[in-house]
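Student: First the structure, which I've put down as structure tokens, then a few questions once you've had a look.
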2 protein chains.
Amino acid sequence: MAQQIYKGNLLSSLSYDELKIIENGYIVVKDGIISDVYEKLPAEYNNEKITDYGDRLIIPAFSDLHMHAPQFAQRGIGMDRLLMDWLNDYTFPQEANFKDLAYASKIYARLIREFLRHGSFHLSLFTTIHYEACDLLFKMLEDSGLYAYTGLVNMDMNSPDYYVDDTNVSLEKTERFIVEHQYSQRVRPILTPRFAPTCSAKLMKGLGELALKYDLGVQTHLVESKAEAAWAKELYPDCASDGEIYEKYGLLQGSGPKIFAHVIFPTPTEERILKQYDGYAVHCPDATSNIIAGIMPLSKLHDNGINITIGSDVGGGHFLAIYRQIARAAQISKMKEFYEEDYSKIELKNAFYMATAASEKIFPHSGKLEKGYRFDALVIENMLDKEYERPIADALERFCYIGDDRNIFARFIDGRLIDPDAVYEMICKK
Amino acid sequence: MAQQIYKGNLLSSLSYDELKIIENGYIVVKDGIISDVYEKLPAEYNNEKITDYGDRLIIPAFSDLHMHAPQFAQRGIGMDRLLMDWLNDYTFPQEANFKDLAYASKIYARLIREFLRHGSFHLSLFTTIHYEACDLLFKMLEDSGLYAYTGLVNMDMNSPDYYVDDTNVSLEKTERFIVEHQYSQRVRPILTPRFAPTCSAKLMKGLGELALKYDLGVQTHLVESKAEAAWAKELYPDCASDGEIYEKYGLLQGSGPKIFAHVIFPTPTEERILKQYDGYAVHCPDATSNIIAGIMPLSKLHDNGINITIGSDVGGGHFLAIYRQIARAAQISKMKEFYEEDYSKIELKNAFYMATAASEKIFPHSGKLEKGYRFDALVIENMLDKEYERPIADALERFCYIGDDRNIFARFIDGRLIDPDAVYEMICKK
């Protein structure tokens, strides 16, 4: 690949509160890594070829830290059901379909194409309880060039008869999956207990042992709703709250990332655990609206020093695009401010940080346009009207609110230009 | 045009609660009017040509009953401001730009193309205080084939110096606009006081006289926020509440439609007026989230016999597409149910009715696929996965949640096939 130079309007987060903007700036990429970023190109590059993206924006690619891969096939349907009807009529039957590997192959290939189209290149994905389908997704992700964590879903109780595992079977499959994939680099295994109410104490204990033995991280749902939090506590009377279950049973012992979706009703225990284990709270604004769970107190969690990221949570959420979730996070924070007197809304730049730079420790050298970072980036059309000049940050906002994949002009992973359709064809042929 | 026969999956509202679905049904259209709808095509048509849309959906076109035409140029920017900053930094300067007719012409042509692309064919539009730009929009709408009400915006106080009218000037321009366009059929003038706080009692009285003289309807914002409702009452101490201002000053005397946007904090007076004058409350779910105004108690208003319709409210709302507002109306009603104990969520079919058949009295013979109705309709791609069969209503839901204009396969107004780009070219050339 050697060296490329790109010119455009560069937007990238310095921090939760600060967007770094270089209008008509330059990025020099060497072997997929950003070697430097410039307002004016140094003389040494005077004779080099420059790819000029004009008034377009260059931004870091997005991270989607909570998404159910099999539910891609049910996005945007059953949305006016209540949670239990949605699970029983749509979600559990849908996930059970993934015992059929040919079906899994079709859906997962389409899903990967869609991640590429929308610029979500760093992922944390739930799958199903099926070893073969989970293994297939893992290989497809590796072939696609995406960066991801994924794991086989554990559930051994409080689940339908047709979609549940025996405790030992669940643990054996999980260990086999880990052993088989432990040396992969780009895609990594992660423990994936669905949530406490579908996992017995024996299962949790076994997963805790795997966390230690293989030094793994964990992803799950945490205090997603008042009912879920209360149910978890009832099932685990030895634990003070939902979060303590994962600590007590050893699931937080590994050095891998600890990724907790939703975190809508955190007690001081959840806050302590998130901080102590450097965990991530994943905000999924569309999903928690759709299933009437409430809204994450994210500005409060942030003020308390907790890492906040963003997830599409398809199929609880309907849109896979993370830029749409950035807009929704800002919008829904206003609704929380309207209803809850002591809550403050967030701004678009905060949500943009959450969707890019915030997951830097999970996916090292990604999420920013800075020296030493991988060039995992998107070139976005400048959607502002030409008649009147507006700040360039408005172009990012407009893309997040009303843009779609047609407005993503180019996609790069590791500095390579990506064609989602070509990747799809390649995966389908394997 | 003579006769056409279309085959597809027909979906149309019978009522607020009932969706009529005919899978693989037939619509016979004669001279733009639906002459009948069939589950099986009668023998008399055996030798006729049929346009077969396969597994696609045929649905009535959408109505957008609250939208600010000039704000199309600011959609999706300034969305994380608070209301007054949004008005002063974005909205008022943007609307003031429409004194420049060349600018107005560009923006309004793009807007019309976008309405056509998204299938919103029945409209009620705010403009600006500028006679020429308002007149231009009126003519463009007539040329486009869209059905619409629109009016010159009245504001003579509590407005910026650069964007306000003298009372008499506002009334004179309004009457001139009405006189000039009173015999138009497809596009109709309507009184458009911005909202009570920007209109003096003298202006309101004058508008009331015009309502009577020309038998006009009115569109405005009503009890949009607690602050707005309180401000209106303070400015009009002779009126019991916001709604009574329009009644007392005579704006409800005409036979034209009475269209009230938002209606988030209705008192018994607003409810009485809406019922007594057969008014319409327009729900704009994205907008009232963006500007932190709250959520319309729409299921309660409906239960109390009040007509509810849907509006995009661009630029307070960011998406022009009404199908997206259908999804959002369902989603946001869940948020209201979460926060307000005595409130019940709505379902997608309710919001679909609000966006189609509910405005039938404003735009006669539209909003349903029934005998005698105009064939103002959309052919929508069936976005369901082919691997597993799902009810056809799920395809409508998926389109509303995740579809976009690429998924609208064909568009008809008065039975004529519409090409948005061709209409745009035609308007621009005039």
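How things are named: the first chain in the structure tokens is A, the next is B, and so on; residues count from 1 in each chain; ligands count from 1 in the order shown.
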I need the contact residues of chain B against chain A, so if you could list those with any atom within 6 Å, counting only C-alpha atoms, and return them as a list in words, that would help.
Tutor: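 Result: Gly76, Ile77, Asp80, Asn290, Ile292, Gln331, Lys334, Glu347, Asp394, Glu397, Arg398 and Tyr401 of chain B.
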Student: Name all residues at most 7 Å from Asn307 of chain B (count only C-alpha atoms; drop same-chain ones fewer than 3 positions away) and give them as a VMD selection string.
Tutor: chain B and resid 279 to 281 302 358
Student: Any chance you can output those residues with C-alpha atoms as a PDB file, in the first residue's frame?
Tutor:
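That gives us result-v3.pdb:
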```pdb
ATOM      1  CA  GLY B 279     -60.245  20.998  13.735  1.00  0.00           C
ATOM      2  CA  TYR B 280     -57.137  18.904  13.236  1.00  0.00           C
ATOM      3  CA  ALA B 281     -54.382  18.348  15.785  1.00  0.00           C
ATOM      4  CA  HIS B 302     -58.373  10.480  19.749  1.00  0.00           C
ATOM      5  CA  ALA B 358     -57.278  10.952   8.697  1.00  0.00           C
TER       6      ALA B 358
END
```
Student: Would you list the contacts of Glu180 of chain A as a PyMOL selection string, taking every protein, DNA or RNA residue within 10 Å and counting only C-alpha atoms, but skipping same-chain residues closer than 6 positions in sequence?
Tutor: chain A and resi 135+174+189
Student: Rank A:Ile413, A:Ala201, A:Ile326, A:Ala227 by their smallest atom-to-atom distance to Asp31 of chain A, using only C-alpha atoms, and report the top residue only.
Tutor: A:Ile413
Student: Mind giving me the straight-line distance from atom CA of Leu83 of chain B to atom CA of Leu65 of chain B in Å, one decimal?
Tutor: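 Result for atom CA of Leu83 of chain B versus atom CA of Leu65 of chain B: 21.5 Å, one decimal.
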Student: If you run DSSP on the backbone here, which positions in segment 352-390 of chain B get alpha helix (DSSP H)? Please write them as a ChimeraX atom specification.
Tutor: /B:352-355
Student: If we count only C-alpha atoms, what is near segment 271-276 of chain B at a cut-off of 10 Å, once residues fewer than 3 positions away on the same chain are taken out, given as a list in words?
Tutor: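 Those residues are Gly243, Glu244, Tyr246, Glu247, Leu252, Lys258, Ile259, Phe260, Val263, Pro266, Thr267, Pro268, Gly279, Tyr280, Ala281, Leu301, Asn304, Gly305, Ile306 and Asn307 of chain B.
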Student: List the spatial neighbours of Thr150 of chain B as an mmCIF file with N, CA, C and O atoms, in the first residue's frame - criterion: any atom at most 9 Å away, only C-alpha atoms, same-chain residues fewer than 2 positions off excluded.
Tutor:
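Just written: out.cif:
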```cif
data_model
loop_
_atom_site.group_PDB
_atom_site.id
_atom_site.type_symbol
_atom_site.label_atom_id
_atom_site.label_comp_id
_atom_site.auth_asym_id
_atom_site.auth_seq_id
_atom_site.Cartn_x
_atom_site.Cartn_y
_atom_site.Cartn_z
ATOM 1 N N LEU B 123 -50.505 18.397 1.434
ATOM 2 C CA LEU B 123 -49.641 19.194 2.303
ATOM 3 C C LEU B 123 -50.329 20.406 2.907
ATOM 4 O O LEU B 123 -51.252 20.963 2.302
ATOM 5 N N SER B 124 -49.845 20.820 4.061
ATOM 6 C CA SER B 124 -50.213 22.125 4.609
ATOM 7 C C SER B 124 -48.911 22.803 5.035
ATOM 8 O O SER B 124 -48.228 22.328 5.947
ATOM 9 N N LEU B 125 -48.573 23.899 4.353
ATOM 10 C CA LEU B 125 -47.229 24.466 4.456
ATOM 11 C C LEU B 125 -47.213 25.898 4.962
ATOM 12 O O LEU B 125 -47.927 26.765 4.441
ATOM 13 N N PHE B 126 -46.383 26.163 5.963
ATOM 14 C CA PHE B 126 -46.023 27.525 6.330
ATOM 15 C C PHE B 126 -44.992 28.027 5.318
ATOM 16 O O PHE B 126 -44.219 27.242 4.759
ATOM 17 N N THR B 127 -44.964 29.338 5.086
ATOM 18 C CA THR B 127 -43.925 29.904 4.225
ATOM 19 C C THR B 127 -43.150 30.941 5.043
ATOM 20 O O THR B 127 -42.664 30.618 6.120
ATOM 21 N N CYS B 134 -43.736 33.557 -1.415
ATOM 22 C CA CYS B 134 -44.931 32.777 -1.084
ATOM 23 C C CYS B 134 -45.757 32.517 -2.350
ATOM 24 O O CYS B 134 -46.254 31.411 -2.582
ATOM 25 N N LEU B 137 -43.943 29.860 -4.416
ATOM 26 C CA LEU B 137 -44.177 28.499 -3.925
ATOM 27 C C LEU B 137 -45.551 28.013 -4.357
ATOM 28 O O LEU B 137 -45.715 26.871 -4.801
ATOM 29 N N PHE B 138 -46.541 28.907 -4.257
ATOM 30 C CA PHE B 138 -47.904 28.541 -4.640
ATOM 31 C C PHE B 138 -47.943 28.057 -6.092
ATOM 32 O O PHE B 138 -48.508 26.996 -6.400
ATOM 33 N N ALA B 148 -52.180 20.991 -1.924
ATOM 34 C CA ALA B 148 -51.634 21.702 -0.771
ATOM 35 C C ALA B 148 -52.501 22.883 -0.328
ATOM 36 O O ALA B 148 -53.251 23.456 -1.129
ATOM 37 N N LEU B 152 -49.189 32.961 3.546
ATOM 38 C CA LEU B 152 -48.162 33.910 3.934
ATOM 39 C C LEU B 152 -48.155 34.009 5.458
ATOM 40 O O LEU B 152 -49.213 34.115 6.085
ATOM 41 N N VAL B 187 -54.200 23.807 -5.207
ATOM 42 C CA VAL B 187 -53.501 24.451 -4.101
ATOM 43 C C VAL B 187 -54.418 25.565 -3.600
ATOM 44 O O VAL B 187 -55.007 26.289 -4.402
ATOM 45 N N ARG B 188 -54.545 25.678 -2.281
ATOM 46 C CA ARG B 188 -55.515 26.609 -1.707
ATOM 47 C C ARG B 188 -54.837 27.513 -0.681
ATOM 48 O O ARG B 188 -53.972 27.061 0.067
ATOM 49 N N PRO B 189 -55.228 28.776 -0.621
ATOM 50 C CA PRO B 189 -54.682 29.632 0.443
ATOM 51 C C PRO B 189 -55.290 29.314 1.812
ATOM 52 O O PRO B 189 -56.423 28.837 1.893
ATOM 53 N N ILE B 190 -54.514 29.584 2.835
ATOM 54 C CA ILE B 190 -54.970 29.371 4.213
ATOM 55 C C ILE B 190 -54.321 30.448 5.082
ATOM 56 O O ILE B 190 -53.187 30.865 4.829
ATOM 57 N N LEU B 191 -55.050 30.934 6.087
ATOM 58 C CA LEU B 191 -54.468 31.912 7.011
ATOM 59 C C LEU B 191 -53.372 31.249 7.838
ATOM 60 O O LEU B 191 -53.539 30.104 8.278
ATOM 61 N N THR B 192 -52.247 31.974 8.060
ATOM 62 C CA THR B 192 -51.084 31.359 8.695
ATOM 63 C C THR B 192 -50.430 32.287 9.723
ATOM 64 O O THR B 192 -49.283 32.698 9.573
ATOM 65 N N GLN B 219 -54.063 27.776 9.762
ATOM 66 C CA GLN B 219 -53.074 26.851 10.339
ATOM 67 C C GLN B 219 -52.181 27.654 11.280
ATOM 68 O O GLN B 219 -51.796 28.779 10.992
#
```
Student: From a DSSP pass on the backbone, collect the residues of segment 167-231 of chain B flagged as strand (DSSP E) and hand them back as a PyMOL selection string.
Tutor: chain B and resi 187-189+192-193+218-222
Student: Can I get the selected residues back with C-alpha atoms, as a PDB file, in the first residue's frame?
Tutor:
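Listing of result-v5.pdb after writing:
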```pdb
ATOM      1  CA  VAL B 187     -53.501  24.451  -4.101  1.00  0.00           C
ATOM      2  CA  ARG B 188     -55.515  26.609  -1.707  1.00  0.00           C
ATOM      3  CA  PRO B 189     -54.682  29.632   0.443  1.00  0.00           C
ATOM      4  CA  THR B 192     -51.084  31.359   8.695  1.00  0.00           C
ATOM      5  CA  PRO B 193     -50.504  33.381  11.885  1.00  0.00           C
ATOM      6  CA  VAL B 218     -56.313  28.620   9.388  1.00  0.00           C
ATOM      7  CA  GLN B 219     -53.074  26.851  10.339  1.00  0.00           C
ATOM      8  CA  THR B 220     -50.987  27.722  13.374  1.00  0.00           C
ATOM      9  CA  HIS B 221     -49.130  26.325  16.406  1.00  0.00           C
ATOM     10  CA  LEU B 222     -51.272  25.561  19.441  1.00  0.00           C
TER      11      LEU B 222
END
```
